[in-house]
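Q: Contents of coords-v2.tsv (TSV, C-alpha atoms and all ligand atoms) are below:
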chain	number	residue	atom	x	y	z
E	20	MET	CA	77.98	320.64	-116.35
E	21	ASN	CA	74.54	322.03	-117.04
E	22	ILE	CA	71.98	322.55	-114.35
E	23	PHE	CA	70.01	319.46	-115.34
E	24	ASN	CA	73.03	317.18	-115.03
E	25	PHE	CA	73.98	318.82	-111.78
E	26	LEU	CA	70.53	318.12	-110.31
E	27	PHE	CA	70.49	314.64	-111.79
E	28	TYR	CA	73.78	313.55	-110.28
E	29	ASN	CA	73.45	315.28	-106.95
E	30	PHE	CA	69.87	314.96	-105.87
E	31	LEU	CA	68.52	311.85	-107.49
E	32	PRO	CA	68.44	309.12	-104.86
E	33	ASN	CA	70.69	306.06	-105.31
E	34	ASN	CA	69.94	302.56	-104.18
E	35	CYS	CA	72.14	300.51	-101.91
E	36	LEU	CA	73.97	298.05	-104.18
E	37	ILE	CA	73.24	295.23	-101.75
E	38	CYS	CA	69.78	295.62	-100.18
E	39	GLY	CA	68.31	298.16	-102.60
E	40	ARG	CA	67.31	300.71	-99.94
E	41	THR	CA	67.08	304.26	-101.23
E	42	LEU	CA	70.11	306.35	-100.37
E	43	LYS	CA	71.16	309.96	-100.84
E	44	ASN	CA	74.82	309.27	-101.34
E	45	ASN	CA	77.18	306.29	-101.00
E	46	ASN	CA	76.55	303.00	-102.71
E	47	ILE	CA	76.21	300.77	-99.70
E	48	CYS	CA	73.86	301.68	-96.83
E	49	SER	CA	75.01	301.81	-93.22
E	50	HIS	CA	72.68	298.93	-92.31
E	51	CYS	CA	74.47	296.62	-94.77
E	52	GLU	CA	77.87	297.89	-93.71
E	53	ILE	CA	77.17	297.09	-90.08
E	54	SER	CA	75.45	293.74	-90.72
E	55	LEU	CA	78.21	292.42	-92.97
E	56	LYS	CA	80.89	292.32	-90.33
E	57	PRO	CA	82.39	289.31	-88.62
E	58	LYS	CA	81.16	288.40	-85.14
E	59	PHE	CA	84.09	287.59	-82.91
E	60	ASN	CA	82.14	286.75	-79.76
E	61	ILE	CA	81.61	283.08	-80.67
E	62	ASN	CA	83.90	280.34	-79.38
E	63	ARG	CA	85.41	278.56	-82.36
E	64	CYS	CA	87.84	275.77	-83.27
E	65	LYS	CA	91.20	277.43	-83.79
E	66	LEU	CA	91.89	275.27	-86.84
E	67	CYS	CA	88.69	274.85	-88.87
E	68	TYR	CA	86.79	277.76	-87.22
E	69	LYS	CA	83.73	275.63	-86.40
E	70	PRO	CA	81.68	277.12	-83.57
E	71	ILE	CA	82.14	274.99	-80.44
E	72	ASN	CA	80.06	274.97	-77.29
E	73	ASN	CA	82.75	274.09	-74.80
E	74	LYS	CA	84.67	277.28	-74.25
E	75	TYR	CA	87.56	275.40	-72.62
E	76	GLU	CA	88.37	273.52	-75.83
E	77	ASP	CA	90.67	274.97	-78.50
E	78	GLU	CA	89.82	272.51	-81.21
E	79	CYS	CA	86.59	270.83	-82.34
E	80	LEU	CA	86.23	267.06	-81.91
E	81	TYR	CA	86.89	266.46	-85.59
E	82	CYS	CA	90.19	268.35	-85.60
E	83	GLN	CA	91.21	266.59	-82.38
E	84	GLN	CA	90.65	263.19	-84.01
E	85	TYR	CA	91.90	263.73	-87.54
E	86	ASP	CA	94.84	265.44	-89.16
E	87	ILE	CA	93.49	267.97	-91.59
E	88	PRO	CA	95.87	269.09	-94.36
E	89	ILE	CA	94.78	272.72	-93.96
E	90	ARG	CA	96.24	274.83	-91.17
E	91	TYR	CA	93.55	277.50	-90.69
E	92	ILE	CA	90.12	278.08	-92.22
E	93	ARG	CA	88.72	281.58	-91.70
E	94	TYR	CA	85.63	283.33	-93.05
E	95	ILE	CA	83.81	286.59	-92.38
E	96	MET	CA	80.16	285.48	-92.13
E	97	GLU	CA	77.50	282.83	-92.43
E	98	TYR	CA	76.03	282.60	-95.90
E	99	LYS	CA	72.45	283.55	-95.15
E	100	GLU	CA	70.14	286.54	-95.55
E	101	LEU	CA	72.12	289.65	-96.40
E	102	CYS	CA	75.41	287.82	-96.94
E	103	SER	CA	73.96	285.59	-99.65
E	104	ILE	CA	72.46	288.63	-101.41
E	105	PHE	CA	75.76	290.48	-101.16
E	106	ILE	CA	77.88	287.64	-102.54
E	107	LYS	CA	75.48	286.97	-105.43
E	108	GLN	CA	75.36	290.66	-106.33
E	109	MET	CA	79.14	290.88	-106.13
E	110	LYS	CA	79.63	287.86	-108.40
E	111	TYR	CA	77.02	288.52	-111.01
E	112	SER	CA	76.77	292.30	-111.23
E	113	SER	CA	80.57	292.65	-111.54
E	114	SER	CA	80.19	295.97	-109.70
E	115	ARG	CA	83.63	297.28	-108.86
E	116	LYS	CA	82.22	298.91	-105.71
E	117	LEU	CA	80.92	295.60	-104.37
E	118	LEU	CA	84.21	293.89	-105.17
E	119	ASP	CA	86.01	296.66	-103.28
E	120	PHE	CA	83.61	296.29	-100.38
E	121	GLY	CA	84.22	292.52	-100.28
E	122	SER	CA	87.98	292.80	-100.48
E	123	ASP	CA	87.96	295.53	-97.80
E	124	LEU	CA	86.25	293.08	-95.47
E	125	LEU	CA	89.01	290.54	-96.09
E	126	VAL	CA	91.76	293.14	-95.71
E	127	THR	CA	90.50	294.89	-92.57
E	128	ASN	CA	90.01	291.59	-90.74
E	129	TYR	CA	93.18	289.87	-91.94
E	130	LYS	CA	95.23	290.61	-88.83
E	131	LYS	CA	92.42	289.55	-86.51
E	132	TYR	CA	92.45	286.15	-88.16
E	133	PHE	CA	96.09	285.60	-89.01
E	134	GLY	CA	98.01	288.05	-86.83
E	135	ASN	CA	101.36	289.35	-88.04
E	136	ASP	CA	102.48	286.06	-89.49
E	137	PHE	CA	101.94	287.17	-93.08
E	138	HIS	CA	101.44	284.72	-95.91
E	139	ASP	CA	103.99	284.28	-98.70
E	140	ILE	CA	101.70	283.28	-101.56
E	141	ILE	CA	98.12	284.33	-102.27
E	142	ILE	CA	96.11	282.09	-104.58
E	143	PRO	CA	92.61	283.04	-105.77
E	144	ALA	CA	90.11	280.23	-106.28
E	145	TYR	CA	89.50	279.37	-109.89
E	146	SER	CA	86.02	279.14	-111.32
E	147	SER	CA	84.48	276.37	-113.32
E	148	LYS	CA	84.32	277.06	-117.02
E	149	LYS	CA	80.55	277.21	-116.74
E	150	SER	CA	80.52	279.99	-114.20
E	151	LEU	CA	83.24	281.86	-116.08
E	152	GLU	CA	81.01	281.71	-119.11
E	153	GLU	CA	78.19	283.20	-117.09
E	154	ARG	CA	80.26	285.99	-115.60
E	155	GLY	CA	83.20	286.50	-117.92
E	156	PHE	CA	85.65	287.51	-115.19
E	157	LEU	CA	87.46	285.94	-112.27
E	158	HIS	CA	86.06	287.83	-109.28
E	159	THR	CA	88.22	285.94	-106.78
E	160	TYR	CA	91.26	287.46	-108.44
E	161	PHE	CA	90.06	290.96	-107.47
E	162	LEU	CA	89.54	289.84	-103.88
E	163	ALA	CA	92.95	288.18	-103.73
E	164	LYS	CA	94.69	291.11	-105.35
E	165	ASN	CA	93.65	293.53	-102.61
E	166	VAL	CA	94.73	291.15	-99.86
E	167	TYR	CA	98.02	290.77	-101.71
E	168	LYS	CA	98.50	294.56	-101.88
E	169	TYR	CA	97.79	294.82	-98.17
E	170	ILE	CA	100.34	292.13	-97.25
E	171	LYS	CA	102.88	293.69	-99.60
E	172	GLY	CA	102.86	296.74	-97.29
E	173	TYR	CA	104.45	294.51	-94.62
E	174	LYS	CA	106.18	291.85	-96.63
E	175	ASN	CA	107.72	292.89	-99.87
E	176	ASP	CA	108.26	289.46	-101.42
E	177	VAL	CA	104.67	288.18	-101.17
E	178	ILE	CA	103.48	286.58	-104.43
E	179	LEU	CA	100.04	286.76	-106.03
E	180	ALA	CA	99.48	283.64	-108.09
E	181	GLU	CA	97.87	284.15	-111.44
E	182	TYR	CA	96.25	281.72	-113.79
E	183	THR	CA	98.56	282.04	-116.73
E	184	ASP	CA	96.14	281.14	-119.47
E	185	PHE	CA	93.05	282.68	-118.00
E	186	PRO	CA	91.80	285.39	-118.18
E	187	ASP	CA	94.58	286.78	-120.38
E	188	ASN	CA	94.19	283.96	-122.77
E	189	TYR	CA	90.72	284.89	-123.69
E	190	LYS	CA	91.68	288.47	-124.30
E	191	ARG	CA	94.23	287.25	-126.81
E	192	ARG	CA	91.62	285.20	-128.55
E	193	ALA	CA	89.09	287.98	-128.42
E	194	HIS	CA	87.87	287.24	-131.92
E	195	LEU	CA	86.57	283.85	-130.81
E	196	PRO	CA	83.26	283.28	-129.02
E	197	LEU	CA	83.71	282.86	-125.26
E	198	LYS	CA	82.87	279.15	-125.38
E	199	LEU	CA	85.77	278.48	-127.69
E	200	ARG	CA	88.09	280.79	-125.78
E	201	LEU	CA	87.46	278.79	-122.64
E	202	ARG	CA	87.90	275.50	-124.42
E	203	TYR	CA	91.35	276.59	-125.52
E	204	SER	CA	92.38	277.85	-122.12
E	205	LYS	CA	94.10	275.49	-119.78
E	206	ILE	CA	94.09	276.75	-116.24
E	207	ASN	CA	97.71	276.90	-115.20
E	208	ILE	CA	99.21	278.68	-112.27
E	209	ASN	CA	102.34	280.78	-112.64
E	210	LEU	CA	104.21	279.23	-109.71
E	211	ARG	CA	107.39	277.24	-109.85
E	212	LYS	CA	108.55	274.70	-107.33
E	213	ASN	CA	111.13	277.13	-105.92
E	214	ASP	CA	108.40	279.70	-105.22
E	215	ILE	CA	106.50	277.24	-103.06
E	216	ILE	CA	109.06	275.34	-100.98
E	217	ASN	CA	108.62	276.14	-97.30
E	218	LYS	CA	106.08	278.91	-98.01
E	219	LYS	CA	102.82	279.84	-96.30
E	220	ILE	CA	99.97	279.75	-98.81
E	221	LEU	CA	96.65	281.58	-98.51
E	222	PHE	CA	93.78	280.42	-100.70
E	223	ILE	CA	91.08	283.06	-101.26
E	224	ASP	CA	87.50	282.46	-102.34
E	225	ASP	CA	84.17	284.24	-102.00
E	226	MET	CA	82.54	281.25	-100.31
E	227	ILE	CA	83.46	277.98	-98.69
E	228	THR	CA	80.85	275.30	-99.40
E	229	THR	CA	82.57	271.91	-99.49
E	230	GLY	CA	86.25	272.84	-99.34
E	231	SER	CA	86.84	270.71	-102.42
E	232	SER	CA	88.33	273.45	-104.64
E	233	ALA	CA	90.94	274.16	-101.97
E	234	LEU	CA	91.61	270.44	-101.53
E	235	ASN	CA	91.96	269.97	-105.30
E	236	LEU	CA	94.57	272.69	-105.39
E	237	LEU	CA	96.27	271.19	-102.36
E	238	PHE	CA	96.45	267.88	-104.20
E	239	GLU	CA	98.10	269.58	-107.17
E	240	LEU	CA	100.64	271.25	-104.89
E	241	LYS	CA	101.34	268.15	-102.78
E	242	ALA	CA	104.84	267.54	-104.08
E	243	TYR	CA	106.02	271.14	-103.71
E	244	GLY	CA	106.98	271.16	-100.04
E	245	PHE	CA	105.01	274.21	-98.92
E	246	LYS	CA	104.91	275.04	-95.22
E	247	SER	CA	101.21	275.64	-94.64
E	248	PHE	CA	97.95	276.14	-96.49
E	249	ASP	CA	95.16	278.39	-95.17
E	250	ILE	CA	91.72	279.26	-96.53
E	251	TYR	CA	90.13	282.71	-96.24
E	252	THR	CA	86.65	283.48	-97.59
E	253	LEU	CA	83.82	285.98	-97.24
E	254	GLY	CA	81.05	283.46	-96.60
E	255	VAL	CA	80.57	279.95	-95.24
E	256	SER	CA	77.64	277.75	-96.26
E	257	LYS	CA	75.31	276.22	-93.71
E	258	ASP	CA	76.40	272.64	-94.47
E	259	PHE	CA	80.07	273.38	-94.86
E	260	TYR	CA	81.40	271.25	-91.99
E	261	SER	CA	79.56	268.07	-92.95
E	262	ASN	CA	80.46	268.63	-96.63
E	263	PHE	CA	84.07	269.22	-95.68
E	264	GLU	CA	84.36	265.89	-93.87
E	265	GLN	CA	83.25	264.16	-97.06
E	266	SER	CA	85.64	266.22	-99.21
E	267	LEU	CA	88.46	265.24	-96.87
E	268	GLU	CA	87.61	261.55	-97.29
E	269	VAL	CA	87.83	261.95	-101.08
E	270	TYR	CA	91.10	263.85	-100.72
E	271	ASN	CA	92.64	261.24	-98.43
E	272	LYS	CA	91.68	258.43	-100.83
E	273	LYS	CA	93.25	260.36	-103.74
E	274	MET	CA	96.42	260.88	-101.74
E	275	LEU	CA	96.61	257.21	-100.75
E	276	LYS	CA	96.16	256.13	-104.34
E	277	PHE	CA	98.79	258.58	-105.53
E	278	TYR	CA	101.40	257.47	-103.00
E	279	SER	CA	100.75	253.76	-103.40
E	280	LYS	CA	101.37	254.17	-107.14
E	281	TYR	CA	104.45	256.20	-106.36
E	282	ASN	CA	105.88	253.45	-104.14
E	283	ASP	CA	105.27	250.60	-106.61
Y	301	ZN	ZN	71.93	298.13	-97.86
Y	302	ZN	ZN	88.01	272.07	-86.08
As structure tokens - that is how I would like this structure written.
Ligand SMILES: [Zn+2]
Ligand SMILES: [Zn+2]
A:
Amino acid sequence: MNIFNFLFYNFLPNNCLICGRTLKNNNICSHCEISLKPKFNINRCKLCYKPINNKYEDECLYCQQYDIPIRYIRYIMEYKELCSIFIKQMKYSSSRKLLDFGSDLLVTNYKKYFGNDFHDIIIPAYSSKKSLEERGFLHTYFLAKNVYKYIKGYKNDVILAEYTDFPDNYKRRAHLPLKLRLRYSKININLRKNDIINKKILFIDDMITTGSSALNLLFELKAYGFKSFDIYTLGVSKDFYSNFEQSLEVYNKKMLKFYSKYND
């Protein structure tokens, strides 16, 4: 390495990949690292994780009144300020370092949220074709993969679900423009009924906004006899809980319709 390159790589300041502050080394500043950590000092519903005022209650009023088809919902932080910048940067810059930072947050806090009762199947959220077109890669798969590797250290038979036709499919059709590649790809999951029966499923996404992508997947898996279904994300949107109640209404109607047809 010549002296110019040496000076260039060692003394030129970097910028924090999240907030843009100038840094000497590292890629993420200590301010961001400290701010983007979960706060455990809030009293929350043990099922849906909604903050609740009454510290003597375990569950929020909604979860006390209704049966929700999801066992636990857990997330690292509120989607505002730094968190929203971080998640957008992670999704759209496709920086490996930010993806690692995000998956580290999920991994290091896993036990605090779920204890030693490790999941059997990890399923990353799928993206709409539109957002795949924008980004060209499934970032949730990277997040899920690191959680999967972590669990595998404790539980050898854990499964990471993959979408069989995407993204591999569009590598195979690399000669086609992305729009066509996506049109040809059906999003299928590589799980068989026997993989799912009596298993604990963990659904991983960057954000939870309405809960509808998890509920859609749950609807697809309804006949497979799994044991439980949990959601784990980096961020939660401000309106999540009111959105989620509406998504649950849609889900329940779909289920009713499905089973009434089934019984005819
Ligand atoms: Zn920063
Ligand atoms: Zn609740």
Q: CA of Gly244 (chain E) and CA of Lys212 (chain E) are how many Å apart?
A: 8.3 Å
Q: Quick one: residues within 8 Å of region 108-125 of chain E, all atoms listed in the file counted, chain neighbours fewer than 3 positions away excluded, as a PyMOL selection string?
A: chain E and resi 36-37+46+56+95+104-105+128-129+154+158+161-163+165-166+251-253
Q: For ligand ZN 302 (chain Y), which residue among E:Val126, E:Ile87, E:Leu267, E:Ile250 is the nearest when counting all atoms listed in the file?
A: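 For ligand ZN 302 (chain Y), the nearest of the candidates is E:Ile87.
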Q: Could I get the residue neighbourhood of ligand ZN 301 (chain Y) at 9 Å, counting all atoms listed in the file, as a ChimeraX atom specification?
A: /E:34-42,46-52,101
Q: Would you list the residues that come within 6 Å of ligand ZN 302 (chain Y)? Count only C-alpha atoms and all ligand atoms and give the answer as a PyMOL selection string.
A: chain E and resi 64+66-69+78-79+81-82
Q: If you keep C-alpha atoms, can you produce a file of those selected residues as a PDB file, keeping the file's coordinate frame?
A:
ATOM      1  CA  CYS E  64      87.840 275.770 -83.270  1.00  0.00           C
ATOM      2  CA  LEU E  66      91.890 275.270 -86.840  1.00  0.00           C
ATOM      3  CA  CYS E  67      88.690 274.850 -88.870  1.00  0.00           C
ATOM      4  CA  TYR E  68      86.790 277.760 -87.220  1.00  0.00           C
ATOM      5  CA  LYS E  69      83.730 275.630 -86.400  1.00  0.00           C
ATOM      6  CA  GLU E  78      89.820 272.510 -81.210  1.00  0.00           C
ATOM      7  CA  CYS E  79      86.590 270.830 -82.340  1.00  0.00           C
ATOM      8  CA  TYR E  81      86.890 266.460 -85.590  1.00  0.00           C
ATOM      9  CA  CYS E  82      90.190 268.350 -85.600  1.00  0.00           C
TER      10      CYS E  82
END
Q: Do a neighbour search on Asp176 (chain E) at 10 Å with only C-alpha atoms, toss out local chain neighbours closer than 5 positions, and write the hits as a PyMOL selection string.
A: chain E and resi 138-140+170-171
Q: Of the residues E:Glu97, E:Asp225, E:Glu268, E:Asp214, which is the one nearest to Lys246 (chain E), using only C-alpha atoms?
A: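 Smallest separation from Lys246 (chain E) among the options: E:Asp214.
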Q: Rounded to one decimal, what separation in Å do you get between CA of Lys131 (chain E) and CA of Cys102 (chain E)?
A: 20.0 Å
Q: May I ask which of the residues E:Thr159, E:Asn135, E:Asn262, E:Ser256 is the closest one to Thr229 (chain E), counting all atoms listed in the file?
A: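 Checking each of E:Thr159, E:Asn135, E:Asn262, E:Ser256 against Thr229 (chain E), counting all atoms listed in the file, the winner is E:Asn262.
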Q: Enclose region 248-262 of chain E, meaning all of its atoms listed in the file, in a box aligned along x, y and z, pad it by 5 Å on each side, and list the centre and edge lengths in Å to one decimal, as AutoDock Vina command-line options.
A:
--center_x 86.6 --center_y 277.0 --center_z -94.8 --size_x 32.6 --size_y 27.9 --size_z 15.6
Q: Would you please work out which residue, of E:Ser247, E:Ser261, E:Ser266, E:Asn72, is nearest to Ile89 (chain E) when using only C-alpha atoms?
A: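 Checking each candidate against Ile89 (chain E), we get E:Ser247 as the closest.
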Q: Kindly indicate which residue among E:Asn235, E:Tyr98, E:Ile215, E:Asn271 lies nearest to Tyr85 (chain E), using all atoms listed in the file for the distances.
A: E:Asn271
Q: Please determine, counting only C-alpha atoms, which residue among E:Lys43, E:Lys74, E:Lys164, E:Lys58 has the shortest atom-to-atom distance to Pro143 (chain E).
A: E:Lys164
Q: Can you work out the spacing between CA of Tyr243 (chain E) and CA of Arg93 (chain E) in Å, to one decimal?
A: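 Those two atoms sit 23.5 Å apart.
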